[in-house]
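File shown: protein_22.txt. Contents: compact mmCIF, C-alpha atoms.
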# COMPACT_ATOMS: atom_id res chain seq x y z
CA MET A 1300 0.00 0.00 0.00
CA LYS A 1301 1.05 3.57 -0.70
CA SER A 1302 -0.02 6.65 1.19
CA GLN A 1303 -1.64 8.08 -1.95
CA ASP A 1304 -4.12 5.18 -1.80
CA ILE A 1305 -5.74 6.74 1.27
CA GLY A 1306 -6.01 10.10 -0.47
CA LEU A 1307 -7.63 8.48 -3.51
CA LEU A 1308 -10.11 6.57 -1.33
CA LEU A 1309 -11.11 9.75 0.47
CA LYS A 1310 -11.60 11.41 -2.93
CA LEU A 1311 -13.78 8.53 -4.14
CA GLU A 1312 -15.92 8.82 -1.03
CA SER A 1313 -16.23 12.57 -1.46
CA MET A 1314 -17.36 12.04 -5.07
CA ARG A 1315 -19.95 9.46 -4.01
CA ARG A 1316 -21.39 11.76 -1.40
CA LEU A 1317 -21.50 14.65 -3.84
CA GLU A 1318 -23.44 12.42 -6.26
CA LEU A 1319 -26.05 11.83 -3.55
CA ASN A 1320 -26.27 15.52 -2.63
CA PRO A 1321 -25.05 17.96 -5.31
CA HIS A 1322 -25.32 20.83 -2.80
CA ARG A 1323 -22.90 19.12 -0.42
CA LYS A 1324 -19.93 20.90 -2.00
CA GLN A 1325 -21.20 24.18 -0.62
CA LEU A 1326 -22.45 22.76 2.68
CA MET A 1327 -19.21 21.03 3.64
CA ALA A 1328 -16.85 24.00 3.28
CA TRP A 1329 -15.35 25.34 6.52
CA PRO A 1330 -16.42 28.15 6.15
CA HIS A 1331 -18.19 28.34 2.78
CA ASP A 1332 -15.63 30.35 0.81
CA TRP A 1333 -12.51 29.59 2.86
CA GLN A 1334 -9.28 28.67 1.15
CA ASP A 1335 -5.68 28.85 2.28
CA TRP A 1336 -4.01 29.39 -1.06
CA SER A 1337 -3.70 32.04 -3.69
CA SER A 1338 -5.79 31.71 -6.84
CA HIS A 1339 -4.18 29.76 -9.65
CA GLU A 1340 -4.78 30.04 -13.37
CA HIS A 1341 -5.64 26.33 -13.57
CA ASP A 1342 -8.28 26.43 -10.84
CA SER A 1343 -11.65 25.31 -12.11
CA ASP A 1344 -15.14 24.85 -10.77
CA ALA A 1345 -15.72 21.98 -13.18
CA ASP A 1346 -17.58 19.16 -11.51
CA ASN A 1347 -18.43 15.75 -12.89
CA SER A 1348 -18.87 13.63 -9.81
CA ALA A 1349 -20.42 10.70 -11.72
CA ASN A 1350 -17.30 10.22 -13.88
CA TYR A 1351 -14.96 7.67 -12.33
CA SER A 1352 -12.66 7.17 -15.32
CA THR A 1353 -8.96 7.14 -14.58
CA ARG A 1354 -8.55 10.15 -16.88
CA TRP A 1355 -11.03 12.19 -14.84
CA LEU A 1356 -9.61 10.97 -11.52
CA GLU A 1357 -6.16 12.04 -12.73
CA GLN A 1358 -7.51 15.51 -13.50
CA LEU A 1359 -9.19 15.77 -10.10
CA THR A 1360 -6.32 14.48 -7.98
CA GLY A 1361 -3.11 15.08 -9.95
CA ILE A 1362 -2.25 11.38 -9.51
CA SER A 1363 -1.25 9.72 -12.80
CA LYS A 1364 -3.65 7.31 -14.52
CA SER A 1365 -1.25 4.40 -14.12
CA GLN A 1366 -0.90 5.08 -10.39
CA ILE A 1367 -4.67 5.40 -10.00
CA ASN A 1368 -5.16 1.99 -11.62
CA LEU A 1369 -2.55 0.42 -9.35
CA SER A 1370 -3.97 2.16 -6.30
CA ILE A 1371 -7.52 0.95 -6.95
CA ARG A 1372 -6.25 -2.59 -7.52
CA ARG A 1373 -4.33 -2.56 -4.22
CA CYS A 1374 -7.33 -1.20 -2.33
CA ILE A 1375 -9.68 -3.79 -3.85
CA ASP A 1376 -7.25 -6.58 -2.95
CA CYS A 1377 -7.01 -5.55 0.71
CA GLY A 1378 -10.70 -4.75 1.19
CA LEU A 1379 -10.39 -0.97 1.46
CA ALA A 1380 -12.38 -0.55 -1.76
CA ARG A 1381 -14.91 -2.43 -3.85
CA TYR A 1382 -16.76 -1.99 -7.12
CA ASP A 1383 -20.32 -0.72 -7.07
CA ARG A 1384 -22.65 -3.56 -8.11
CA LYS A 1385 -24.87 -1.31 -10.22
CA THR A 1386 -22.42 1.08 -11.83
CA GLY A 1387 -19.07 -0.70 -11.61
CA ALA A 1388 -17.51 2.46 -10.18
CA PRO A 1389 -14.78 2.03 -7.56
CA ARG A 1390 -16.04 2.86 -4.07
CA ALA A 1391 -14.25 3.26 -0.77
CA ASN A 1392 -15.26 0.69 1.83
CA THR A 1393 -15.83 3.49 4.32
CA PRO A 1394 -16.17 1.51 7.58
CA VAL A 1395 -12.92 -0.33 6.84
CA LEU A 1396 -11.22 2.85 5.62
CA LEU A 1397 -12.22 4.68 8.79
CA GLU A 1398 -10.94 1.80 10.93
CA PHE A 1399 -7.60 1.87 9.12
CA ILE A 1400 -7.20 5.65 9.40
CA VAL A 1401 -8.08 5.64 13.10
CA HIS A 1402 -6.02 2.63 14.16
CA GLY A 1403 -3.30 2.13 11.55
CA LEU A 1404 -2.49 5.31 9.67
CA LYS A 1405 -0.06 6.81 12.16
CA TYR A 1406 1.93 3.54 12.23
CA VAL A 1407 2.02 2.83 8.50
CA PHE A 1408 2.44 6.45 7.34
CA PRO A 1409 3.78 8.36 10.35
CA VAL A 1410 4.69 12.01 10.08
CA ARG A 1411 6.59 14.53 12.17
CA PRO A 1412 6.49 18.31 11.83
CA GLY A 1413 9.49 19.64 9.97
CA THR A 1414 10.91 23.08 9.29
CA LEU A 1415 9.08 26.37 9.25
CA THR A 1416 7.66 27.06 5.79
CA ARG A 1417 4.84 28.60 3.80
CA GLY A 1418 1.95 26.35 2.86
CA ILE A 1419 -1.66 25.20 3.24
CA ALA A 1420 -2.93 24.63 6.77
CA THR A 1421 -3.57 21.01 7.76
CA ALA A 1422 -4.25 18.84 10.82
CA TYR A 1423 -5.42 20.95 13.78
CA SER A 1424 -4.56 24.14 11.87
CA ALA A 1425 -7.09 23.47 9.08
CA PRO A 1426 -10.52 25.11 9.34
CA VAL A 1427 -12.25 21.82 10.12
CA LEU A 1428 -10.43 21.69 13.49
CA GLN A 1429 -8.87 25.12 13.95
CA MET A 1430 -11.53 26.60 16.23
CA LYS A 1431 -11.65 23.40 18.29
CA LEU A 1432 -7.97 22.78 18.93
CA LEU A 1433 -5.53 25.52 17.97
CA SER A 1434 -4.27 27.31 21.06
CA ALA A 1435 -2.85 30.82 21.10
CA GLY A 1436 0.85 30.74 20.32
CA GLU A 1437 0.75 27.15 19.10
CA MET A 1438 2.72 26.61 15.88
CA LYS A 1439 0.53 25.79 12.88
CA LEU A 1440 1.05 22.77 10.62
CA VAL A 1441 1.07 23.11 6.83
CA TRP A 1442 1.53 21.20 3.62
CA PRO A 1443 4.47 23.03 2.00
CA ASN A 1444 3.19 25.00 -0.97
CA ALA A 1445 4.39 28.19 -2.64
CA LEU A 1446 0.79 29.37 -3.14
CA GLY A 1447 -0.16 28.75 0.50
CA ASN A 1448 -1.12 31.60 2.79
CA THR A 1449 -0.10 30.11 6.16
CA THR A 1450 3.32 29.87 7.78
CA GLY A 1451 3.90 26.82 9.93
CA LEU A 1452 5.80 23.59 10.41
CA ALA A 1453 5.92 21.38 7.35
CA ILE A 1454 3.85 18.18 7.24
CA GLU A 1455 4.41 15.77 4.36
CA PRO A 1456 1.01 15.18 2.69
CA LEU A 1457 -0.29 11.73 1.88
CA PHE A 1458 0.35 12.44 -1.81
CA ASN A 1459 2.32 15.09 -3.65
CA SER A 1460 -0.54 16.60 -5.63
CA VAL A 1461 -2.78 17.21 -2.62
CA ASP A 1462 -2.95 20.91 -3.50
CA ILE A 1463 -4.59 20.03 -6.84
CA ALA A 1464 -7.03 17.56 -5.29
CA ILE A 1465 -8.44 19.88 -2.63
CA ARG A 1466 -8.95 23.05 -4.68
CA ASN A 1467 -12.54 22.29 -5.67
CA ASP A 1468 -13.33 19.79 -2.92
CA PRO A 1469 -13.65 21.25 0.59
CA GLU A 1470 -14.80 17.90 2.00
CA LEU A 1471 -11.64 16.19 0.75
CA TYR A 1472 -9.59 19.01 2.25
CA ALA A 1473 -11.33 18.40 5.57
CA THR A 1474 -10.90 14.62 5.59
CA LEU A 1475 -7.24 14.78 4.57
CA SER A 1476 -6.60 17.35 7.32
CA LEU A 1477 -8.35 15.13 9.86
CA ALA A 1478 -6.23 12.18 8.72
CA ASP A 1479 -3.13 14.32 9.29
CA ALA A 1480 -4.29 15.18 12.81
CA ILE A 1481 -4.45 11.45 13.47
CA ARG A 1482 -1.07 10.81 11.78
CA VAL A 1483 0.64 13.42 13.95
CA GLY A 1484 -0.43 11.26 16.87
CA GLN A 1485 -1.10 13.70 19.71
CA PRO A 1486 -3.87 12.08 21.81
CA ARG A 1487 -6.12 15.12 22.24
CA GLU A 1488 -5.97 16.17 18.59
CA SER A 1489 -6.36 12.58 17.42
CA GLN A 1490 -9.49 11.95 19.46
CA VAL A 1491 -11.23 15.08 18.22
CA ALA A 1492 -10.19 14.32 14.63
CA GLN A 1493 -11.45 10.74 14.88
CA ALA A 1494 -14.87 11.90 16.07
CA LYS A 1495 -15.14 14.47 13.28
CA LEU A 1496 -14.03 11.97 10.65
CA ARG A 1497 -16.68 9.51 11.79
CA GLU A 1498 -19.26 12.28 11.56
CA ILE A 1499 -18.29 12.98 7.94
CA LEU A 1500 -17.75 9.44 6.63
CA LEU A 1501 -20.45 7.41 8.38
Take the structure in the file and give it back as structure tokens.
Amino acid sequence: MKSQDIGLLLKLESMRRLELNPHRKQLMAWPHDWQDWSSHEHDSDADNSANYSTRWLEQLTGISKSQINLSIRRCIDCGLARYDRKTGAPRANTPVLLEFIVHGLKYVFPVRPGTLTRGIATAYSAPVLQMKLLSAGEMKLVWPNALGNTTGLAIEPLFNSVDIAIRNDPELYATLSLADAIRVGQPRESQVAQAKLREILL
């Protein structure tokens, strides 16, 4: 398994939920118009949540088509994903995915804060948890990114193109940030992140 597999599974779940409720994209932002990066010429509001082709998934996530195919195959083999019986689309096995993130992620893909840098807020610094956990004077955590608006300690994201994947998907941004809060491994932050992740995924 590769760490990008978890990011792809969270994207697939976000797409499924958006299919069920097309207004969810607006409802799940924290807050509605919040973003922690400067506008980019390639940003797009294009949305085609019912398209699960590898070409479209590559466009949405920045992960190559070949890697997406391999990732889906690995996840199917280990039970973290399955194919939808009606549509044939790959789906995250959300109860199993949640169990893995909560109990295994920090051991399989551990992370430690690095040097001070500019980037996109994640873990307890992201809007999904910021008001709940960030204390005054506490150093923020960020995914290093030249277009980011936050200065903090660097956290290696689950996949390199995370900045592409989250731009038009606030729910994915939230779930990846919650996964990072669990990966960092501080008990208080992890417990709050686990509860919020359950609320979103189940």
Query raised in the report: Can you tell me, as a list in words, which residues sit within 12 Å of (2.4, 5.0, 1.8) in the file's frame, using only C-alpha atoms?
Result: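 Those residues, ordered by chain and then number, are Met1300, Lys1301, Ser1302, Gln1303, Asp1304, Ile1305, Gly1306, Leu1307, Ser1370, Arg1373, Gly1403, Leu1404, Lys1405, Tyr1406, Val1407, Phe1408, Pro1409, Val1410, Glu1455, Pro1456, Leu1457, Phe1458 and Asn1459 of chain A.
Taking CA of Ser1313 in chain A and CA of Asp1468 in chain A as the two end points, the separation is 7.9 Å.
Of the listed residues A:Leu1311, A:Ile1400, A:Leu1359, A:Val1395, the one whose atoms come nearest to Asn1467 in chain A is A:Leu1359, with distances taken using all atoms listed in the file.
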Query - Distance of CA of Ala1480 in chain A from CA of Pro1412 in chain A, expressed in Å to one decimal place - result: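 Calculated distance between CA of Pro1412 in chain A and CA of Ala1480 in chain A is 11.3 Å.
Checking A:Trp1442, A:Phe1399, A:Tyr1351, A:Tyr1423 one by one against Asp1383 in chain A, counting only C-alpha atoms, you find the shortest gap at A:Tyr1351.
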Excluding Thr1449 in chain A and any residue of its chain fewer than 3 positions from it, enumerate the residues within 7 Å of it, using only C-alpha atoms, and give them as a PDB file with C-alpha atoms, keeping the file's coordinate frame.
ATOM      1  CA  ASP A1335      -5.680  28.850   2.280  1.00  0.00           C
ATOM      2  CA  ARG A1417       4.840  28.600   3.800  1.00  0.00           C
ATOM      3  CA  GLY A1418       1.950  26.350   2.860  1.00  0.00           C
ATOM      4  CA  ILE A1419      -1.660  25.200   3.240  1.00  0.00           C
ATOM      5  CA  ALA A1420      -2.930  24.630   6.770  1.00  0.00           C
TER       6      ALA A1420
END
Query raised in the report: Restricting the calculation to all atoms listed in the file, which member of A:Ser1460, A:Thr1360, A:Gln1366, A:Thr1474 is positioned closest to Ala1422 in chain A?
Result: A:Thr1474
Report task. Take CA of Asn1320 in chain A and CA of Arg1354 in chain A and report the distance between them in Å, one decimal. Result ->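 That distance, rounded to one decimal, is 23.4 Å.
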Requested in this report: With a distance cut-off of 7 Å and only C-alpha atoms, select the neighbouring residues of range 1496-1501 of chain A, excluding the residue or stretch itself and same-chain residues fewer than 3 positions from it, and output the selection as a ChimeraX atom specification.
Outcome: /A:1393,1474,1477,1492-1493
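Counting all atoms listed in the file, the residue from A:Leu1356, A:Leu1475, A:Met1438, A:Leu1379 that sits nearest to Lys1495 in chain A is A:Leu1475.
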Report task. Determine the nearest neighbour of Ile1481 in chain A from the options A:Asp1462, A:Glu1437, A:Asp1376, A:Glu1398, counting all atoms listed in the file. Result ->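 When distances to Ile1481 in chain A are compared using all atoms listed in the file, the smallest one comes from A:Glu1398.
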**Report entry** Residue among A:Asn1448, A:Gln1485, A:Ser1424, A:Ser1352 lying closest to Gly1387 in chain A, counting only C-alpha atoms
**Finding:**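 Smallest separation from Gly1387 in chain A among the options: A:Ser1352.
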Just the residues within 8 Å of Gly1361 in chain A, please, counting all atoms listed in the file, with nothing from its chain fewer than 3 positions along; format it as a CSV table (one decimal) with C-alpha atoms, in the coordinates of the input.
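The new file result03.csv reads:
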chain,number,residue,atom,x,y,z
A,1356,LEU,CA,-9.6,11.0,-11.5
A,1357,GLU,CA,-6.2,12.0,-12.7
A,1358,GLN,CA,-7.5,15.5,-13.5
A,1460,SER,CA,-0.5,16.6,-5.6
A,1461,VAL,CA,-2.8,17.2,-2.6
A,1463,ILE,CA,-4.6,20.0,-6.8
A,1464,ALA,CA,-7.0,17.6,-5.3
